[in-house]
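J.: Provided below: query.txt, containing compact mmCIF, C-alpha atoms.
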```txt
# COMPACT_ATOMS: atom_id res chain seq x y z
CA MET X 1 83.32 122.11 80.21
CA ILE X 2 85.72 123.72 82.69
CA LEU X 3 86.74 121.49 85.57
CA ASP X 4 87.71 122.88 88.96
CA ASP X 5 90.76 122.32 91.14
CA THR X 6 89.69 118.77 92.03
CA PHE X 7 90.33 117.54 88.49
CA PHE X 8 92.68 114.58 88.35
CA ILE X 9 94.07 112.37 85.62
CA ALA X 10 93.01 108.74 85.56
CA ALA X 11 96.41 107.08 85.24
CA PRO X 12 96.44 103.72 87.03
CA MET X 13 99.63 103.07 89.01
CA ALA X 14 101.08 106.39 87.89
CA GLY X 15 101.28 107.86 91.38
CA VAL X 16 99.18 109.19 94.22
CA ARG X 17 96.01 111.16 93.53
CA THR X 18 95.70 114.48 95.35
CA ARG X 19 93.76 117.71 94.93
CA GLN X 20 96.81 119.07 93.13
CA GLY X 21 96.91 116.22 90.62
CA TRP X 22 99.10 113.19 90.23
CA VAL X 23 102.32 113.14 92.26
CA ARG X 24 105.23 111.52 90.44
CA SER X 25 105.89 107.90 91.39
CA GLN X 26 109.21 106.15 91.06
CA GLN X 27 107.93 103.86 88.33
CA GLN X 28 106.22 106.18 85.88
CA THR X 29 106.21 109.68 84.52
CA SER X 30 103.37 111.95 85.56
CA PHE X 31 102.50 115.62 85.60
CA SER X 32 101.38 117.79 88.48
CA PHE X 33 98.69 120.44 88.13
CA GLU X 34 98.77 123.41 90.45
CA PRO X 35 95.63 124.50 92.33
CA GLY X 36 93.66 127.03 90.35
CA GLU X 37 94.62 125.66 86.94
CA ARG X 38 91.72 125.11 84.58
CA CYS X 39 91.37 122.49 81.88
CA LEU X 40 89.03 123.23 78.99
CA MET X 41 87.87 119.75 78.07
CA GLU X 42 85.98 120.60 74.90
CA ASN X 43 89.29 121.94 73.55
CA HIS X 44 91.09 118.66 74.31
CA PHE X 45 92.81 117.36 71.18
CA ALA X 46 91.49 113.80 71.40
CA VAL X 47 87.95 115.09 71.90
CA ARG X 48 88.24 117.40 68.90
CA LEU X 49 89.76 114.64 66.76
CA ALA X 50 87.04 112.15 67.63
CA ALA X 51 84.34 114.72 66.89
CA ALA X 52 85.90 115.63 63.54
CA VAL X 53 86.26 111.99 62.46
CA ARG X 54 82.68 111.26 63.45
CA ARG X 55 81.44 114.34 61.59
CA CYS X 56 83.16 113.24 58.38
CA GLY X 57 82.29 109.58 58.87
CA ASN X 58 85.77 108.36 57.99
CA PRO X 59 89.36 108.22 59.37
CA VAL X 60 91.22 109.43 56.28
CA LEU X 61 94.22 111.68 56.87
CA VAL X 62 95.55 113.45 53.78
CA GLY X 63 99.28 114.09 53.76
CA LEU X 64 100.50 117.31 52.17
CA ASP X 65 103.89 116.34 50.74
CA PRO X 66 104.49 118.72 47.81
CA ARG X 67 107.35 117.84 45.47
CA ALA X 68 108.39 120.06 42.62
CA GLU X 69 108.85 117.21 40.16
CA SER X 70 105.38 115.82 40.84
CA LEU X 71 103.24 118.96 40.70
CA PRO X 72 100.61 119.11 37.95
CA ALA X 73 101.72 120.86 34.79
CA GLY X 74 101.22 124.60 34.88
CA LEU X 75 101.97 125.15 38.56
CA LEU X 76 105.73 125.34 38.15
CA SER X 77 107.92 125.74 35.07
CA GLY X 78 111.27 124.06 34.63
CA ASP X 79 113.26 127.26 35.21
CA ASP X 80 111.29 128.10 38.34
CA ARG X 81 112.32 124.84 39.99
CA ARG X 82 115.73 126.36 40.70
CA GLN X 83 114.23 129.33 42.57
CA PRO X 84 113.13 128.46 46.12
CA ASP X 85 110.70 131.36 46.45
CA ARG X 86 108.83 130.28 43.30
CA VAL X 87 108.82 126.63 44.32
CA ALA X 88 107.47 127.64 47.72
CA ALA X 89 104.74 129.73 46.10
CA ALA X 90 103.77 126.78 43.90
CA TYR X 91 103.65 124.53 46.97
CA GLY X 92 101.29 126.97 48.63
CA GLU X 93 99.00 127.13 45.60
CA PHE X 94 99.00 123.35 45.25
CA CYS X 95 98.33 122.62 48.93
CA ARG X 96 95.51 125.15 49.06
CA GLY X 97 94.04 123.46 46.00
CA VAL X 98 94.22 120.07 47.72
CA ILE X 99 92.67 121.51 50.89
CA ASP X 100 89.79 123.00 48.91
CA VAL X 101 88.96 119.52 47.62
CA VAL X 102 89.42 117.44 50.76
CA ALA X 103 88.08 119.81 53.44
CA PRO X 104 84.46 118.71 52.89
CA LEU X 105 85.49 115.03 52.92
CA VAL X 106 88.02 114.39 55.69
CA ALA X 107 88.87 115.60 59.18
CA VAL X 108 92.64 116.01 59.13
CA VAL X 109 95.59 116.96 56.93
CA LYS X 110 99.29 116.41 57.63
CA PRO X 111 101.83 118.77 56.06
CA GLN X 112 105.31 117.25 55.86
CA ALA X 113 107.64 119.99 57.11
CA ALA X 114 110.69 118.72 55.22
CA PHE X 115 109.41 119.65 51.78
CA PHE X 116 108.75 123.20 52.92
CA GLU X 117 112.04 123.48 54.83
CA GLN X 118 113.86 122.43 51.67
CA GLN X 119 112.82 125.74 50.11
CA GLY X 120 114.36 127.83 52.88
CA PRO X 121 112.68 130.83 54.54
CA ALA X 122 110.12 131.16 51.76
CA GLY X 123 109.10 127.54 52.23
CA MET X 124 108.68 127.92 55.97
CA ALA X 125 106.53 131.01 55.48
CA VAL X 126 104.34 129.05 53.07
CA LEU X 127 104.11 126.20 55.59
CA ALA X 128 102.61 128.62 58.11
CA GLU X 129 100.18 129.87 55.46
CA VAL X 130 99.13 126.31 54.55
CA ILE X 131 98.51 125.42 58.20
CA ALA X 132 96.46 128.56 58.72
CA TYR X 133 94.47 127.98 55.54
CA ALA X 134 93.70 124.35 56.44
CA ARG X 135 92.46 125.38 59.87
CA SER X 136 90.35 128.15 58.35
CA GLN X 137 88.63 125.48 56.26
CA GLY X 138 87.71 123.48 59.36
CA LEU X 139 90.49 120.90 59.17
CA LEU X 140 92.68 119.70 62.01
CA VAL X 141 96.37 119.93 61.17
CA ILE X 142 99.05 117.47 62.25
CA LEU X 143 102.49 118.82 61.41
CA ASP X 144 104.83 115.99 60.46
CA GLY X 145 108.13 117.28 61.80
CA LYS X 146 109.38 114.35 63.94
CA ARG X 147 110.95 116.84 66.33
CA ASN X 148 112.69 116.22 69.63
CA ASP X 149 115.48 117.40 71.91
CA ILE X 150 115.96 117.87 75.64
CA GLY X 151 115.16 120.56 78.15
CA SER X 152 114.64 124.09 76.96
CA THR X 153 115.26 123.11 73.33
CA ALA X 154 112.38 120.62 73.39
CA THR X 155 110.21 123.28 75.01
CA ALA X 156 111.13 125.73 72.26
CA TYR X 157 110.23 123.20 69.56
CA ALA X 158 106.93 122.50 71.30
CA HIS X 159 105.99 126.18 71.56
CA ALA X 160 107.07 126.80 67.97
CA TYR X 161 104.76 124.23 66.45
CA LEU X 162 101.99 123.79 69.04
CA GLY X 163 101.77 127.23 70.58
CA PRO X 164 99.28 129.86 69.40
CA ALA X 165 100.03 130.90 65.82
CA GLU X 166 99.83 134.59 66.67
CA GLN X 167 102.70 134.13 69.14
CA HIS X 168 104.90 131.52 67.51
CA GLY X 169 104.05 131.28 63.83
CA TRP X 170 102.80 127.77 63.03
CA GLY X 171 99.93 126.87 65.34
CA ALA X 172 99.41 123.22 64.37
CA ASP X 173 96.92 121.07 66.25
CA ALA X 174 99.41 118.24 66.70
CA LEU X 175 103.02 117.33 65.97
CA THR X 176 104.89 114.09 65.29
CA VAL X 177 107.68 113.52 67.80
CA SER X 178 110.64 111.15 68.07
CA PRO X 179 111.07 109.30 71.41
CA TYR X 180 114.73 108.37 71.12
CA LEU X 181 115.98 110.85 73.74
CA GLY X 182 113.72 109.43 76.42
CA GLU X 183 110.77 110.45 78.55
CA ASP X 184 112.21 113.78 79.72
CA SER X 185 112.42 114.82 76.06
CA LEU X 186 108.73 114.07 75.57
CA GLU X 187 107.46 115.85 78.67
CA PRO X 188 107.84 119.41 77.28
CA PHE X 189 105.83 118.45 74.19
CA VAL X 190 103.09 116.89 76.32
CA GLU X 191 102.92 119.91 78.59
CA VAL X 192 102.80 122.51 75.81
CA ALA X 193 100.31 120.46 73.82
CA SER X 194 98.04 120.10 76.84
CA GLU X 195 98.21 123.82 77.59
CA ASN X 196 97.06 124.65 74.07
CA GLY X 197 94.52 121.90 73.40
CA GLY X 198 96.98 120.15 71.10
CA GLY X 199 98.39 116.68 70.74
CA ILE X 200 101.50 114.75 69.83
CA PHE X 201 102.05 111.50 67.95
CA VAL X 202 105.14 109.61 69.08
CA LEU X 203 106.99 107.33 66.67
CA VAL X 204 106.46 103.76 67.90
CA LYS X 205 106.55 101.40 64.91
CA THR X 206 107.21 103.21 61.65
CA SER X 207 106.26 102.06 58.17
CA ASN X 208 109.70 102.20 56.54
CA PRO X 209 111.57 98.92 55.79
CA GLY X 210 114.62 99.88 57.87
CA GLY X 211 112.68 100.78 61.00
CA GLY X 212 112.91 97.28 62.41
CA ARG X 213 116.69 97.46 62.80
CA PHE X 214 116.20 99.36 66.04
CA GLN X 215 112.47 99.18 66.74
CA ASP X 216 112.37 95.36 66.74
CA LEU X 217 115.44 94.87 68.93
CA VAL X 218 114.61 92.89 72.07
CA ALA X 219 115.46 94.25 75.52
CA ASP X 220 114.22 92.70 78.78
CA GLY X 221 112.15 90.26 76.78
CA ARG X 222 110.26 92.85 74.72
CA THR X 223 110.90 94.79 71.54
CA LEU X 224 112.13 98.34 71.73
CA HIS X 225 108.91 99.57 70.12
CA ALA X 226 106.93 97.81 72.88
CA HIS X 227 108.94 99.69 75.52
CA VAL X 228 108.30 102.96 73.71
CA GLY X 229 104.63 102.09 73.39
CA GLU X 230 104.38 101.48 77.13
CA LEU X 231 105.63 105.00 77.84
CA VAL X 232 103.32 106.50 75.23
CA GLU X 233 100.35 104.72 76.81
CA GLN X 234 101.32 106.10 80.23
CA LEU X 235 101.45 109.61 78.81
CA ALA X 236 98.10 109.12 77.11
CA LEU X 237 96.55 108.00 80.39
CA GLN X 238 97.90 111.11 82.07
CA THR X 239 96.32 113.36 79.46
CA LEU X 240 92.82 111.87 79.36
CA PRO X 241 89.94 114.32 79.19
CA GLY X 242 87.22 114.20 81.82
CA GLU X 243 84.86 111.23 81.88
CA GLU X 244 82.07 113.67 81.01
CA THR X 245 83.43 113.90 77.46
CA GLY X 246 82.92 110.20 76.76
CA CYS X 247 86.39 110.14 75.18
CA ALA X 248 88.72 107.30 76.20
CA TYR X 249 91.80 108.72 74.47
CA GLY X 250 94.54 111.03 75.71
CA SER X 251 96.24 113.79 73.79
CA VAL X 252 99.35 111.62 73.26
CA GLY X 253 99.10 109.23 70.34
CA ALA X 254 101.38 106.82 68.51
CA VAL X 255 102.65 106.44 64.97
CA ALA X 256 102.28 102.81 63.85
CA GLY X 257 102.68 101.78 60.22
CA ALA X 258 100.21 100.01 57.97
CA THR X 259 103.04 97.96 56.47
CA TYR X 260 103.26 95.76 59.60
CA PRO X 261 99.62 94.74 60.18
CA GLU X 262 100.23 92.10 62.86
CA GLN X 263 102.31 94.48 64.95
CA LEU X 264 99.80 97.25 64.30
CA GLU X 265 97.06 95.12 65.84
CA GLU X 266 99.28 94.32 68.83
CA ILE X 267 99.97 98.03 69.31
CA ARG X 268 96.24 98.78 69.24
CA GLN X 269 95.70 96.25 72.02
CA SER X 270 98.58 97.46 74.18
CA LEU X 271 97.87 101.19 73.71
CA PRO X 272 94.11 101.37 74.33
CA HIS X 273 94.15 105.09 75.23
CA CYS X 274 96.22 106.28 72.27
CA TRP X 275 95.01 107.55 68.93
CA LEU X 276 97.09 105.83 66.25
CA LEU X 277 98.41 107.72 63.25
CA VAL X 278 98.86 105.05 60.59
CA PRO X 279 101.21 105.85 57.68
CA GLY X 280 102.07 103.47 54.86
CA PHE X 281 98.69 103.24 53.15
CA GLY X 282 98.67 103.28 49.36
CA ALA X 283 102.01 104.21 47.80
CA GLN X 284 103.99 102.41 50.52
CA GLY X 285 102.04 99.20 50.03
CA GLY X 286 99.57 99.12 52.91
CA GLY X 287 95.91 98.45 52.15
CA ALA X 288 92.60 98.79 53.95
CA ALA X 289 92.67 95.22 55.28
CA ASP X 290 96.14 95.87 56.72
CA VAL X 291 94.91 98.74 58.90
CA ALA X 292 91.72 97.08 60.19
CA GLY X 293 93.43 96.15 63.45
CA ALA X 294 94.24 99.78 64.24
CA PHE X 295 90.64 100.67 65.16
CA ASP X 296 88.67 100.19 68.32
CA ALA X 297 85.32 98.41 68.35
CA SER X 298 83.44 101.61 67.51
CA GLY X 299 85.59 102.44 64.47
CA LEU X 300 87.54 105.19 66.20
CA GLY X 301 91.09 105.28 67.56
CA ALA X 302 93.02 105.56 64.30
CA ILE X 303 93.55 107.94 61.42
CA VAL X 304 95.06 106.52 58.25
CA ASN X 305 97.40 108.62 56.15
CA SER X 306 97.73 108.73 52.39
CA SER X 307 99.92 111.35 50.78
CA ARG X 308 101.18 110.61 47.26
CA GLY X 309 98.29 108.27 46.49
CA ILE X 310 95.84 111.15 46.89
CA ILE X 311 97.60 114.42 46.15
CA PHE X 312 99.35 113.11 43.03
CA ALA X 313 96.51 110.86 41.89
CA HIS X 314 96.47 112.64 38.53
CA ASP X 315 99.71 110.83 37.70
CA ARG X 316 98.68 107.25 38.51
CA ASP X 317 96.23 104.72 37.16
CA PRO X 318 93.30 104.82 36.80
CA TYR X 319 93.16 108.59 37.21
CA ARG X 320 95.97 109.52 34.82
CA GLU X 321 93.91 108.76 31.75
CA GLN X 322 90.62 109.88 33.23
CA PHE X 323 91.75 113.26 34.55
CA GLY X 324 95.43 114.01 33.88
CA ASP X 325 97.19 117.21 34.88
CA ALA X 326 94.48 119.56 33.66
CA ARG X 327 91.90 118.10 36.07
CA TRP X 328 94.20 117.19 38.91
CA GLN X 329 91.81 118.35 41.63
CA GLU X 330 89.14 115.98 40.34
CA ALA X 331 91.71 113.19 40.60
CA VAL X 332 92.39 114.19 44.23
CA GLU X 333 88.67 114.05 44.97
CA ALA X 334 88.21 110.66 43.27
CA ALA X 335 91.20 109.15 45.07
CA THR X 336 89.96 110.44 48.43
CA HIS X 337 86.53 108.92 47.84
CA GLU X 338 88.17 105.64 46.82
CA MET X 339 90.17 105.48 50.07
CA ILE X 340 87.13 106.37 52.16
CA SER X 341 85.18 103.59 50.47
CA GLN X 342 87.93 101.01 51.02
CA LEU X 343 88.23 101.82 54.71
CA ARG X 344 84.46 101.70 55.17
CA ASP X 345 84.23 98.32 53.47
CA LEU X 346 87.18 96.56 55.09
CA THR X 347 87.66 98.09 58.56
CA PRO X 348 85.58 98.87 61.67
CA ALA X 349 85.63 102.50 60.52
CA GLY X 350 82.65 101.61 58.36
CA GLN X 351 80.51 102.08 61.46
CA LEU X 352 81.25 105.80 61.39
CA ALA X 353 79.11 106.19 58.26
CA GLU X 354 76.09 104.43 59.75
```
Starting from the file, give its structure as structure tokens.

T.:
Amino acid sequence: MILDDTFFIAAPMAGVRTRQGWVRSQQQTSFSFEPGERCLMENHFAVRLAAAVRRCGNPVLVGLDPRAESLPAGLLSGDDRRQPDRVAAAYGEFCRGVIDVVAPLVAVVKPQAAFFEQQGPAGMAVLAEVIAYARSQGLLVILDGKRNDIGSTATAYAHAYLGPAEQHGWGADALTVSPYLGEDSLEPFVEVASENGGGIFVLVKTSNPGGGRFQDLVADGRTLHAHVGELVEQLALQTLPGEETGCAYGSVGAVAGATYPEQLEEIRQSLPHCWLLVPGFGAQGGGAADVAGAFDASGLGAIVNSSRGIIFAHDRDPYREQFGDARWQEAVEAATHEMISQLRDLTPAGQLAE
């Protein structure tokens, strides 16, 4: 649906509502929309994500984190591991093989940019190919790049990863972003994402053990991650789709780890308009019960990532003996089904399959 010039963003206390949009208040960040601008609501990232998760009936997010030493036998020889172009080619073959298996089962994949960047120009070219291939198979793609900067540099990052692929090269649906440089560093990502029907996921409470050193520091009576979460919620409110869509989420989401379940539940309550990207499931120790608090009452609102536990399932029990390297794609499929089943049994996401 295309809304006319009277479209406004429902952001309580974020400013004054006018025909031009929200005017910036002194307390909160907001964005102005010029008369004549159009907003294509069916292309809104949160609307597309909700539709894709409902279609698949589960919130599983498969991380594409290729590592040379973990690839199934036959994809990369020992000598080839010292040649970045051959490693990159193997990463492309492997990721396409994973995508072929999971595309009928899940809504979203998340390539980790670092593993492709490690292989230089060839790796970055393969990253673009993997993103394009995943999208051609009907998957949404969240690029895990954790980018940020200020001013024109942030804008360049945003266009690079969230702009149209034919213009900028990558064309992801969403990007992970670091908030450390403040709200003016996030604004360019929000603006470019909104222009292109994309989204961003801002690091709020990460799954790694050392994250608490900064994220749990208390300032003005609240943790640092609570302050970050407040800003992320404001940005989500300012990027809500129209009420006609029935979607209560904005295009700005939060990263909140499965390894801290009590804080994850608190974040869900304090960020009611944010999709949560939940890492830490599986190999990092988080389980289905740990992520139950990330979902809203309807089973939406969160996507749960597993990378190593799915893509390298051929090398872990019980799949190592059952499938091994030769049948690694069958191991990927079995591990994906196992995660789907766990989340359906132990979280509100089970309602999606009803």

J.: Please compute the CA of Val102 in chain X-CA of Trp328 in chain X distance, one decimal, in Å.

T.: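 Separation of CA of Val102 in chain X and CA of Trp328 in chain X: 12.8 Å.
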
J.: Which residue gives the smallest distance to Tyr319 in chain X among X:Ala158, X:Gly287, X:Asn305, X:Ala335, with all atoms listed in the file counted?

T.: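 Ranked by minimum distance to Tyr319 in chain X, first place goes to X:Ala335.
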
J.: I'd like the contact shell of Gly301 in chain X - 6 Å cut-off, all atoms listed in the file, skipping same-chain residues fewer than 2 positions apart - returned as a list of chain:residue names.

T.: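 The residues that qualify are X:Trp275, X:Phe295, X:Asp296.
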
J.: Mind dumping the selected residues with C-alpha atoms as a compact mmCIF listing (two decimals), in the frame of the given file?

T.:
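Okay, this is what ended up in out17.txt:
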```
# COMPACT_ATOMS: atom_id res chain seq x y z
CA TRP X 275 95.01 107.55 68.93
CA PHE X 295 90.64 100.67 65.16
CA ASP X 296 88.67 100.19 68.32
```

J.: When you count only C-alpha atoms, which of these residues is closest to Arg147 in chain X: X:Glu166, X:Gln118, X:Phe189, X:Gly350?

T.: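 Counting only C-alpha atoms, the residue closest to Arg147 in chain X is X:Phe189.
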
J.: Measuring between all atoms listed in the file, which one of X:Ala160, X:Ala165, X:Leu231, X:Ala73 shows the shortest distance to Gly324 in chain X?

T.: X:Ala73

J.: Closest to Ser194 in chain X among X:Gly169, X:Asn148, X:Gly250, X:Gly97, using all atoms listed in the file?

T.: X:Gly250

J.: Kindly give the distance, in Å, that separates CA of Pro121 in chain X and CA of Ala89 in chain X, rounded to a single decimal.

T.: 11.6 Å

J.: For the atom pair CA of Val252 in chain X and CA of Cys274 in chain X, what is the interatomic distance in Å to one decimal place?

T.: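 So the answer is 6.3 Å.
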
J.: Using all atoms listed in the file, which of the listed residues (X:Pro179, X:Gly123, X:Gly229, X:Gly57) sits closest to Arg268 in chain X?

T.: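 Ranked by minimum distance to Arg268 in chain X, first place goes to X:Gly229.
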
J.: Point out the residue among X:Val232, X:Ala122, X:Ile200, X:Leu139 with the least atom-to-atom distance to Val60 in chain X, counting all atoms listed in the file.

T.: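 Nearest candidate to Val60 in chain X out of X:Val232, X:Ala122, X:Ile200, X:Leu139: X:Leu139.
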